[in-house]
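Note sheet for the following structure.
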Amino acid sequence: ALIRDDYSLSRPHKRYLREGLVVPGPYGEAVSLAVAAIDTSGSMDAVSLAAVGAEIRAIAGQVEELILLVADQKVQEVVQSEDVASWLAAGEARGGGGTDHRPVFEWIERRGLRPDVFIGLTDLESRFPDRAPGYPVVWVTPKRHGEAPWGQHIAMDR
């Protein structure tokens, strides 16, 4: 769950520290780092991608740091927390090929990241690593979707 328990000045919010502001940061069961991957393959239609944008806005508002990976059969683009809103506003997502989530999880591993949660926004018409990573995985999908070999699943209303 992405809900924070409380806020404290003893743990200033990292996003605002970059701006030179000291703002109370979350503590408790907070999600410090979320990595989300948007599936921009050819099987994700415009309606699904628009719904995914709304989900990303909601996620970004609930986590301390979000790394957004834009991927089809490879990682096409990496969007850092401070750039997510402008990336969404631009409305341009690279991709359009097939879907393979293995490069996404390889990207995370190569950088030594240990996210509090991975969120895959996809129709699940993809290839996956043989084993689940050592962190929670949540798949957020349109109503019509494939199957994931592991992780939790949430279907969007759209």
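Just remember, in the structure tokens the first chain shown is A, the second B, etc., residues are 1-based per chain, and ligands are 1-based in the order shown.
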For region 99-101 of chain A: contacts at 6 Å, only C-alpha atoms, fewer than 6 positions along chain excluded, given as a list in words:
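Once the nearby chain positions are removed, what remains is Ser41, Asp72, Gln73, Ser126, Arg127 and Phe128 of chain A.
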Which of region 93-155 of chain A end up as strand (DSSP E) when DSSP is run on this backbone - answer as a PyMOL selection string?
chain A and resi 117-121+137-141+152-155
Env of Tyr135 (chain A): 10 Å cut, atoms = only C-alpha atoms, seq-sep filter 5 positions within chain, self excluded. Answer as a ChimeraX atom specification.
/A:114-118,151
Expected file contents, prior selection, N, CA, C and O atoms, as a CSV table (one decimal), in the first residue's frame:
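Result saved to part-v4.csv:
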chain,number,residue,atom,x,y,z
A,114,ARG,N,16.7,-1.2,-5.0
A,114,ARG,CA,15.8,-2.1,-4.2
A,114,ARG,C,14.6,-1.3,-3.9
A,114,ARG,O,14.4,-0.7,-2.8
A,115,PRO,N,13.6,-1.2,-4.9
A,115,PRO,CA,12.5,-0.3,-4.6
A,115,PRO,C,11.5,-0.9,-3.6
A,115,PRO,O,11.5,-2.1,-3.4
A,116,ASP,N,10.8,-0.1,-2.9
A,116,ASP,CA,9.8,-0.5,-2.0
A,116,ASP,C,8.7,-1.2,-2.7
A,116,ASP,O,8.0,-2.1,-2.1
A,117,VAL,N,8.4,-0.9,-4.0
A,117,VAL,CA,7.4,-1.5,-4.8
A,117,VAL,C,7.8,-1.2,-6.3
A,117,VAL,O,8.3,-0.2,-6.6
A,118,PHE,N,7.5,-2.2,-7.1
A,118,PHE,CA,7.5,-2.1,-8.6
A,118,PHE,C,6.1,-2.1,-9.0
A,118,PHE,O,5.3,-3.0,-8.6
A,151,GLY,N,3.4,-11.8,-8.8
A,151,GLY,CA,3.1,-10.4,-8.4
A,151,GLY,C,1.6,-10.3,-8.2
A,151,GLY,O,0.8,-11.2,-8.5
Separation of CA of Arg94 (chain A) from CA of Ala60 (chain A) in Å
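The value is 20.1 Å.
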Identify, on the basis of only C-alpha atoms, every residue whose closest approach to Ile38 (chain A) does not exceed 9 Å; exclude the query and any residue fewer than 4 positions from it along the same chain; express the result as a count of residues only.
14
Taking only C-alpha atoms into account, produce a table as a tab-separated table in which each residue of region 73-123 of chain A with an atom at most 9 Å from an atom of region 62-67 of chain A appears once, together with its shortest atom pair and the distance in Å to one decimal, ordered by chain and rising number.
residue	atom	partner	partner_atom	distance
A:Val78	CA	A:Ile67	CA	7.1
A:Val79	CA	A:Ile67	CA	6.0
A:Gln80	CA	A:Ile67	CA	4.9
A:Ser81	CA	A:Leu66	CA	4.9
A:Glu82	CA	A:Leu66	CA	8.6
A:Val84	CA	A:Leu66	CA	8.2
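Compared by their closest atoms to Met156 (chain A), and using only C-alpha atoms, the residues A:Glu109, A:Glu77, A:Asp83, A:Asp123 rank with A:Asp123 nearest.
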Would you mind telling me which residue in A:Val104, A:Leu124, A:Val22, A:Ala36 lies nearest to Ile59 (chain A) when using only C-alpha atoms?
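Among A:Val104, A:Leu124, A:Val22, A:Ala36, it is A:Ala36 that comes nearest to Ile59 (chain A).
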Pick from A:Val75, A:Leu21, A:Ala89, A:Ala155, whichever lies nearest to Trp107 (chain A) using only C-alpha atoms
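Smallest distance to Trp107 (chain A) is found for A:Val75.
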